[in-house]
file upload31.cif (mmCIF, C-alpha atoms)
data_work
#
loop_
_atom_site.group_PDB
_atom_site.id
_atom_site.type_symbol
_atom_site.label_atom_id
_atom_site.label_comp_id
_atom_site.auth_asym_id
_atom_site.auth_seq_id
_atom_site.Cartn_x
_atom_site.Cartn_y
_atom_site.Cartn_z
ATOM 1 C CA MET A 138 0.940 -9.698 18.804
ATOM 2 C CA GLN A 139 2.170 -9.584 22.371
ATOM 3 C CA ILE A 140 5.833 -10.518 22.716
ATOM 4 C CA ASP A 141 6.878 -11.324 26.257
ATOM 5 C CA LEU A 142 10.461 -12.352 26.976
ATOM 6 C CA SER A 143 10.210 -11.949 30.737
ATOM 7 C CA GLY A 144 12.448 -14.409 32.543
ATOM 8 C CA LYS A 145 14.737 -14.839 29.528
ATOM 9 C CA THR A 146 18.366 -13.740 29.465
ATOM 10 C CA ALA A 147 19.576 -12.382 26.119
ATOM 11 C CA LEU A 148 23.157 -11.706 25.052
ATOM 12 C CA VAL A 149 23.733 -9.397 22.100
ATOM 13 C CA THR A 150 27.347 -9.261 20.950
ATOM 14 C CA GLY A 151 28.720 -6.014 19.564
ATOM 15 C CA SER A 152 25.792 -4.157 21.094
ATOM 16 C CA ALA A 153 27.384 -0.916 22.285
ATOM 17 C CA GLN A 154 26.079 0.891 19.197
ATOM 18 C CA GLY A 155 24.312 0.530 15.861
ATOM 19 C CA ILE A 156 22.212 -2.513 15.022
ATOM 20 C CA GLY A 157 23.364 -4.385 18.113
ATOM 21 C CA LEU A 158 22.258 -1.580 20.414
ATOM 22 C CA ALA A 159 18.879 -1.396 18.675
ATOM 23 C CA ILE A 160 18.457 -5.156 19.142
ATOM 24 C CA ALA A 161 19.437 -4.970 22.822
ATOM 25 C CA THR A 162 16.918 -2.161 23.310
ATOM 26 C CA GLY A 163 14.185 -4.088 21.526
ATOM 27 C CA LEU A 164 14.772 -7.226 23.592
ATOM 28 C CA ALA A 165 14.747 -5.167 26.795
ATOM 29 C CA SER A 166 11.463 -3.586 25.727
ATOM 30 C CA ALA A 167 10.024 -7.099 25.410
ATOM 31 C CA GLY A 168 11.018 -7.862 29.000
ATOM 32 C CA ALA A 169 14.243 -9.809 28.507
ATOM 33 C CA SER A 170 17.174 -9.398 30.857
ATOM 34 C CA VAL A 171 19.744 -8.077 28.404
ATOM 35 C CA VAL A 172 23.531 -8.311 28.413
ATOM 36 C CA VAL A 173 25.262 -5.627 26.366
ATOM 37 C CA ASN A 174 28.716 -6.388 25.000
ATOM 38 C CA GLY A 175 31.415 -4.044 23.735
ATOM 39 C CA ARG A 176 35.169 -4.374 23.450
ATOM 40 C CA SER A 177 35.909 -1.734 26.105
ATOM 41 C CA GLU A 178 34.413 -0.814 29.456
ATOM 42 C CA GLU A 179 33.704 2.679 28.154
ATOM 43 C CA SER A 180 31.777 1.584 25.069
ATOM 44 C CA THR A 181 29.925 -1.129 27.002
ATOM 45 C CA THR A 182 28.847 1.346 29.670
ATOM 46 C CA ARG A 183 27.576 3.720 26.994
ATOM 47 C CA GLY A 184 25.533 0.891 25.509
ATOM 48 C CA VAL A 185 24.049 -0.069 28.873
ATOM 49 C CA ASP A 186 23.175 3.556 29.593
ATOM 50 C CA ALA A 187 21.538 3.927 26.169
ATOM 51 C CA VAL A 188 19.320 0.879 26.755
ATOM 52 C CA ARG A 189 18.331 2.160 30.199
ATOM 53 C CA GLU A 190 17.521 5.576 28.779
ATOM 54 C CA ALA A 191 15.264 4.033 26.134
ATOM 55 C CA VAL A 192 13.734 1.447 28.495
ATOM 56 C CA PRO A 193 13.859 2.925 32.019
ATOM 57 C CA ASP A 194 12.726 -0.266 33.754
ATOM 58 C CA ALA A 195 15.073 -2.511 31.756
ATOM 59 C CA SER A 196 17.071 -5.299 33.354
ATOM 60 C CA VAL A 197 20.396 -4.696 31.623
ATOM 61 C CA ARG A 198 24.067 -5.160 32.391
ATOM 62 C CA GLY A 199 27.279 -5.108 30.425
ATOM 63 C CA VAL A 200 30.195 -7.452 29.843
ATOM 64 C CA ALA A 201 33.175 -5.760 28.239
ATOM 65 C CA ALA A 202 35.219 -8.275 26.240
ATOM 66 C CA ASP A 203 36.912 -8.529 22.864
ATOM 67 C CA LEU A 204 35.229 -11.725 21.749
ATOM 68 C CA ALA A 205 37.644 -12.213 18.853
ATOM 69 C CA THR A 206 40.276 -13.216 21.415
ATOM 70 C CA ASP A 207 40.504 -16.293 23.631
ATOM 71 C CA GLU A 208 40.836 -14.028 26.677
ATOM 72 C CA GLY A 209 37.723 -12.068 25.768
ATOM 73 C CA ALA A 210 35.671 -15.218 25.222
ATOM 74 C CA ALA A 211 36.844 -16.598 28.580
ATOM 75 C CA THR A 212 35.839 -13.345 30.293
ATOM 76 C CA LEU A 213 32.352 -13.550 28.803
ATOM 77 C CA PHE A 214 31.818 -17.213 29.637
ATOM 78 C CA ALA A 215 32.937 -16.661 33.238
ATOM 79 C CA ALA A 216 30.556 -13.722 33.656
ATOM 80 C CA LEU A 217 27.671 -15.323 31.773
ATOM 81 C CA PRO A 218 27.596 -19.129 32.002
ATOM 82 C CA ARG A 219 24.316 -19.540 30.101
ATOM 83 C CA VAL A 220 21.781 -17.560 28.104
ATOM 84 C CA ASP A 221 18.331 -18.180 26.676
ATOM 85 C CA VAL A 222 18.759 -15.937 23.632
ATOM 86 C CA LEU A 223 22.068 -15.494 21.807
ATOM 87 C CA VAL A 224 22.285 -12.805 19.144
ATOM 88 C CA ASN A 225 25.537 -13.095 17.203
ATOM 89 C CA ASN A 226 25.730 -9.528 15.943
ATOM 90 C CA LEU A 227 29.431 -8.680 16.269
ATOM 91 C CA GLY A 228 31.116 -7.979 12.949
ATOM 92 C CA VAL A 229 33.529 -5.818 11.015
ATOM 93 C CA PHE A 230 33.093 -4.411 7.524
ATOM 94 C CA GLY A 231 34.700 -1.999 5.114
ATOM 95 C CA SER A 232 35.471 -1.418 1.468
ATOM 96 C CA ALA A 233 38.697 -2.444 -0.240
ATOM 97 C CA ASP A 234 40.126 -3.193 -3.659
ATOM 98 C CA PRO A 235 39.603 -6.966 -3.899
ATOM 99 C CA LEU A 236 43.082 -7.553 -5.276
ATOM 100 C CA SER A 237 44.750 -5.601 -2.468
ATOM 101 C CA ILE A 238 43.264 -7.474 0.496
ATOM 102 C CA GLU A 239 46.106 -9.285 2.263
ATOM 103 C CA ASP A 240 45.828 -12.745 3.804
ATOM 104 C CA ASP A 241 45.863 -11.379 7.359
ATOM 105 C CA GLU A 242 42.843 -9.197 6.583
ATOM 106 C CA TRP A 243 40.939 -12.145 5.142
ATOM 107 C CA ARG A 244 41.725 -14.077 8.328
ATOM 108 C CA ARG A 245 40.669 -11.163 10.563
ATOM 109 C CA TYR A 246 37.306 -10.869 8.860
ATOM 110 C CA PHE A 247 36.690 -14.599 9.118
ATOM 111 C CA GLU A 248 37.748 -14.734 12.766
ATOM 112 C CA VAL A 249 35.541 -11.834 13.859
ATOM 113 C CA ASN A 250 32.521 -12.321 11.602
ATOM 114 C CA VAL A 251 32.317 -16.113 11.609
ATOM 115 C CA MET A 252 34.352 -17.752 14.354
ATOM 116 C CA VAL A 253 33.108 -15.541 17.200
ATOM 117 C CA GLY A 254 29.538 -16.660 16.502
ATOM 118 C CA VAL A 255 30.620 -20.276 16.096
ATOM 119 C CA ARG A 256 32.493 -20.173 19.418
ATOM 120 C CA LEU A 257 29.590 -18.623 21.329
ATOM 121 C CA THR A 258 27.007 -20.943 19.818
ATOM 122 C CA ARG A 259 29.148 -23.936 20.696
ATOM 123 C CA GLN A 260 29.307 -22.633 24.280
ATOM 124 C CA TYR A 261 25.647 -21.783 24.842
ATOM 125 C CA LEU A 262 23.687 -24.185 22.634
ATOM 126 C CA PRO A 263 24.074 -27.345 24.800
ATOM 127 C CA ALA A 264 22.326 -25.815 27.829
ATOM 128 C CA MET A 265 19.553 -24.506 25.585
ATOM 129 C CA THR A 266 18.921 -27.937 24.087
ATOM 130 C CA SER A 267 19.031 -29.561 27.531
ATOM 131 C CA SER A 268 16.393 -27.169 28.844
ATOM 132 C CA GLY A 269 14.210 -27.538 25.753
ATOM 133 C CA TRP A 270 14.111 -23.857 24.813
ATOM 134 C CA GLY A 271 16.459 -21.313 23.313
ATOM 135 C CA ARG A 272 17.068 -18.944 20.451
ATOM 136 C CA VAL A 273 20.267 -18.443 18.461
ATOM 137 C CA LEU A 274 20.328 -15.674 15.880
ATOM 138 C CA PHE A 275 23.078 -14.712 13.476
ATOM 139 C CA ILE A 276 22.900 -11.205 12.039
ATOM 140 C CA GLY A 277 23.700 -11.746 8.408
ATOM 141 C CA SER A 278 23.627 -9.465 5.411
ATOM 142 C CA ASP A 279 22.334 -9.077 1.887
ATOM 143 C CA SER A 280 26.039 -9.290 0.994
ATOM 144 C CA ALA A 281 25.827 -13.014 1.728
ATOM 145 C CA VAL A 282 23.835 -13.395 -1.464
ATOM 146 C CA VAL A 283 24.669 -10.254 -3.465
ATOM 147 C CA THR A 284 28.390 -9.823 -2.796
ATOM 148 C CA PRO A 285 29.581 -6.256 -3.501
ATOM 149 C CA ALA A 286 32.798 -6.094 -5.519
ATOM 150 C CA GLU A 287 34.272 -3.662 -3.003
ATOM 151 C CA MET A 288 33.435 -5.888 -0.007
ATOM 152 C CA ILE A 289 34.144 -9.462 -1.044
ATOM 153 C CA HIS A 290 36.014 -10.256 2.178
ATOM 154 C CA TYR A 291 32.959 -9.140 4.162
ATOM 155 C CA GLY A 292 30.490 -10.842 1.813
ATOM 156 C CA MET A 293 32.418 -14.096 2.069
ATOM 157 C CA THR A 294 31.962 -14.170 5.850
ATOM 158 C CA LYS A 295 28.236 -13.530 5.622
ATOM 159 C CA THR A 296 27.861 -16.295 3.041
ATOM 160 C CA ALA A 297 29.661 -18.614 5.457
ATOM 161 C CA LEU A 298 27.194 -17.684 8.199
ATOM 162 C CA LEU A 299 24.325 -19.041 6.108
ATOM 163 C CA GLY A 300 25.913 -22.478 6.289
ATOM 164 C CA VAL A 301 26.838 -22.048 9.939
ATOM 165 C CA SER A 302 23.323 -21.107 11.028
ATOM 166 C CA ARG A 303 21.678 -23.845 8.959
ATOM 167 C CA GLY A 304 24.104 -26.426 10.350
ATOM 168 C CA PHE A 305 23.544 -25.429 13.979
ATOM 169 C CA ALA A 306 19.783 -25.509 13.382
ATOM 170 C CA LYS A 307 20.165 -29.148 12.347
ATOM 171 C CA ALA A 308 22.262 -29.812 15.444
ATOM 172 C CA ALA A 309 19.365 -28.471 17.553
ATOM 173 C CA ALA A 310 16.633 -30.295 15.628
ATOM 174 C CA GLY A 311 13.715 -31.452 17.730
ATOM 175 C CA THR A 312 14.921 -29.805 20.939
ATOM 176 C CA GLY A 313 12.734 -26.691 21.063
ATOM 177 C CA VAL A 314 15.717 -24.507 20.200
ATOM 178 C CA THR A 315 15.643 -22.500 16.977
ATOM 179 C CA VAL A 316 18.596 -21.128 15.025
ATOM 180 C CA ASN A 317 18.089 -18.519 12.323
ATOM 181 C CA ASN A 318 19.965 -16.011 10.200
ATOM 182 C CA VAL A 319 18.649 -12.467 9.708
ATOM 183 C CA LEU A 320 19.710 -11.046 6.357
ATOM 184 C CA ALA A 321 19.936 -7.317 7.000
ATOM 185 C CA GLY A 322 19.948 -4.928 4.077
ATOM 186 C CA PRO A 323 21.795 -1.602 3.791
ATOM 187 C CA THR A 324 21.248 -0.082 7.233
ATOM 188 C CA HIS A 325 21.702 3.420 8.609
ATOM 189 C CA THR A 326 24.436 3.249 11.252
ATOM 190 C CA GLY A 327 27.412 5.433 12.074
ATOM 191 C CA GLY A 328 29.738 2.966 10.393
ATOM 192 C CA VAL A 329 27.610 2.898 7.272
ATOM 193 C CA GLU A 330 27.574 6.696 7.165
ATOM 194 C CA THR A 331 31.373 6.570 7.041
ATOM 195 C CA PHE A 332 31.226 3.870 4.368
ATOM 196 C CA VAL A 333 28.778 5.912 2.289
ATOM 197 C CA ARG A 334 31.072 8.941 2.523
ATOM 198 C CA GLU A 335 34.016 6.823 1.364
ATOM 199 C CA LEU A 336 32.103 5.983 -1.801
ATOM 200 C CA VAL A 337 30.281 9.241 -2.626
ATOM 201 C CA GLY A 338 32.454 11.890 -0.940
ATOM 202 C CA ASP A 339 31.849 14.622 1.612
ATOM 203 C CA ASP A 340 30.454 17.379 -0.619
ATOM 204 C CA LEU A 341 26.798 16.294 -0.470
ATOM 205 C CA SER A 342 24.399 16.659 2.437
ATOM 206 C CA TRP A 343 23.643 13.394 4.240
ATOM 207 C CA ASP A 344 20.222 13.021 2.592
ATOM 208 C CA GLU A 345 21.749 13.626 -0.827
ATOM 209 C CA ALA A 346 24.666 11.304 -0.078
ATOM 210 C CA GLN A 347 22.302 8.545 1.044
ATOM 211 C CA ARG A 348 20.201 8.859 -2.111
ATOM 212 C CA GLU A 349 23.311 8.898 -4.297
ATOM 213 C CA PHE A 350 24.699 5.825 -2.545
ATOM 214 C CA MET A 351 21.469 3.861 -3.029
ATOM 215 C CA LYS A 352 21.168 4.978 -6.644
ATOM 216 C CA GLU A 353 24.755 4.203 -7.645
ATOM 217 C CA HIS A 354 25.715 1.291 -5.386
ATOM 218 C CA ARG A 355 22.443 -0.370 -4.259
ATOM 219 C CA PRO A 356 20.009 0.414 -7.103
ATOM 220 C CA GLN A 357 18.053 -2.830 -6.709
ATOM 221 C CA SER A 358 16.712 -1.811 -3.299
ATOM 222 C CA LEU A 359 12.925 -1.653 -3.423
ATOM 223 C CA LEU A 360 12.861 0.428 -0.263
ATOM 224 C CA GLN A 361 15.133 3.028 -1.911
ATOM 225 C CA ARG A 362 16.461 4.185 1.433
ATOM 226 C CA LEU A 363 18.694 2.877 4.174
ATOM 227 C CA ILE A 364 16.991 0.655 6.738
ATOM 228 C CA GLU A 365 16.837 1.928 10.312
ATOM 229 C CA PRO A 366 18.432 -0.301 13.002
ATOM 230 C CA SER A 367 15.104 -0.541 14.850
ATOM 231 C CA GLU A 368 13.598 -2.222 11.786
ATOM 232 C CA ILE A 369 16.220 -4.982 12.010
ATOM 233 C CA ALA A 370 15.617 -5.213 15.760
ATOM 234 C CA ASN A 371 11.879 -5.745 15.265
ATOM 235 C CA MET A 372 12.526 -8.935 13.304
ATOM 236 C CA VAL A 373 15.106 -10.164 15.794
ATOM 237 C CA VAL A 374 12.745 -9.646 18.743
ATOM 238 C CA TYR A 375 10.055 -11.640 16.967
ATOM 239 C CA LEU A 376 12.418 -14.498 16.097
ATOM 240 C CA ALA A 377 13.678 -14.516 19.693
ATOM 241 C CA SER A 378 10.145 -14.939 21.000
ATOM 242 C CA PRO A 379 7.951 -18.011 21.575
ATOM 243 C CA LEU A 380 5.794 -16.797 18.689
ATOM 244 C CA ALA A 381 8.507 -17.847 16.199
ATOM 245 C CA SER A 382 8.651 -21.445 17.425
ATOM 246 C CA ALA A 383 8.144 -22.901 13.917
ATOM 247 C CA THR A 384 10.863 -20.833 12.242
ATOM 248 C CA THR A 385 14.306 -22.449 12.330
ATOM 249 C CA GLY A 386 17.153 -23.049 9.925
ATOM 250 C CA ALA A 387 15.927 -20.042 7.978
ATOM 251 C CA ALA A 388 17.495 -17.023 6.329
ATOM 252 C CA VAL A 389 14.936 -14.308 7.072
ATOM 253 C CA ARG A 390 15.247 -11.148 5.018
ATOM 254 C CA VAL A 391 15.003 -7.613 6.374
ATOM 255 C CA ASP A 392 16.661 -6.184 3.296
ATOM 256 C CA GLY A 393 14.186 -3.677 1.869
ATOM 257 C CA GLY A 394 13.766 -5.920 -1.174
ATOM 258 C CA TYR A 395 17.452 -5.550 -2.007
ATOM 259 C CA ILE A 396 18.060 -9.230 -2.814
ATOM 260 C CA ASP A 397 16.534 -9.710 -6.276
ATOM 261 C CA ALA A 398 15.224 -13.214 -5.722
ATOM 262 C CA ILE A 399 12.081 -14.879 -4.429
ATOM 263 C CA LEU A 400 14.198 -17.003 -2.070
ATOM 264 C CA PRO A 401 17.608 -16.104 -0.549
#
call {"tool": "encode", "arguments": {"input": "upload31.cif", "output": "structure tokens"}}
result
Amino acid sequence: MQIDLSGKTALVTGSAQGIGLAIATGLASAGASVVVNGRSEESTTRGVDAVREAVPDASVRGVAADLATDEGAATLFAALPRVDVLVNNLGVFGSADPLSIEDDEWRRYFEVNVMVGVRLTRQYLPAMTSSGWGRVLFIGSDSAVVTPAEMIHYGMTKTALLGVSRGFAKAAAGTGVTVNNVLAGPTHTGGVETFVRELVGDDLSWDEAQREFMKEHRPQSLLQRLIEPSEIANMVVYLASPLASATTGAAVRVDGGYIDAILP
């Protein structure tokens, strides 16, 4: 399949590193003009440089903004009035004793993981529907369906995103715009390495720690390894393309078989 996103502008939130950076790189490789977003100028510049290093002829720029704040959202909207592809990737995660999570932490997770995507979709979707083409993608998680006991505040937000993405898909029905949710499984990022170490300790080598983590905490994975960010990006690039025109309102799994169900 030939995926060509030339002439399309794509915004990937939280794309200075990890899955977001892999998605930005994948979209740039497909010819999209990509906007990298990080909270600081320094992190955003690093993300832009990383995309350019991977795709030397990429059309890429950065907008530094903390999108969990009104000021950050206003900065983004002023710099980028419209997009063709919106990838709502920004999120926070971590492990915690469920009974020790305070109200403010619950609110922070919901604001960052859910409301940022809602706010951006509300901003960019009308122009997409008016033009008759657009793609909105929410980067979800297996935790939306299989909520880990040590991450229920995170899992709750990803469950909410299933309803959010399905609802916005209905709002865009018949317009040529698609809205989908990508359910990512346990993925190898710097943040996940830290998370794995929190659970299995620092005594093991990384390969041993990864295997121990999957065995003890994610034993239902059929892949039996962490997913690489580029593998998530491959699905996102496809869903962002004209080739995925009949896929909307869906929860598409890139979970390594982690979710033990035929349907999400």
call {"tool": "resolve_selection", "arguments": {"input": "upload31.cif", "expression": "the PyMOL selection byres ((chain A and resi 140-144) around 6)", "output": "PyMOL selection string"}}
result
chain A and resi 139+145+167-169
call {"tool": "closest_residue", "arguments": {"input": "upload31.cif", "among": "A:Asp241, A:Leu148, A:Gly155, A:Val255", "to": "Val197 in chain A", "atoms": "only C-alpha atoms"}}
result
A:Leu148
call {"tool": "resolve_selection", "arguments": {"input": "upload31.cif", "expression": "the PyMOL selection byres ((chain A and resi 170) around 12)", "output": "number ranges by chain"}}
result
A: 141-149, 161-169, 171-173, 185, 188-189, 192, 194-199, 220-223
call {"tool": "atom_distance", "arguments": {"input": "upload31.cif", "atom1": "CA of Ala377 in chain A", "atom2": "CA of Ala264 in chain A"}}
result
16.4 Å
call {"tool": "closest_residue", "arguments": {"input": "upload31.cif", "among": "A:Ala215, A:Ala309, A:Ala153, A:Ala383", "to": "Ser267 in chain A", "atoms": "only C-alpha atoms"}}
result
A:Ala309
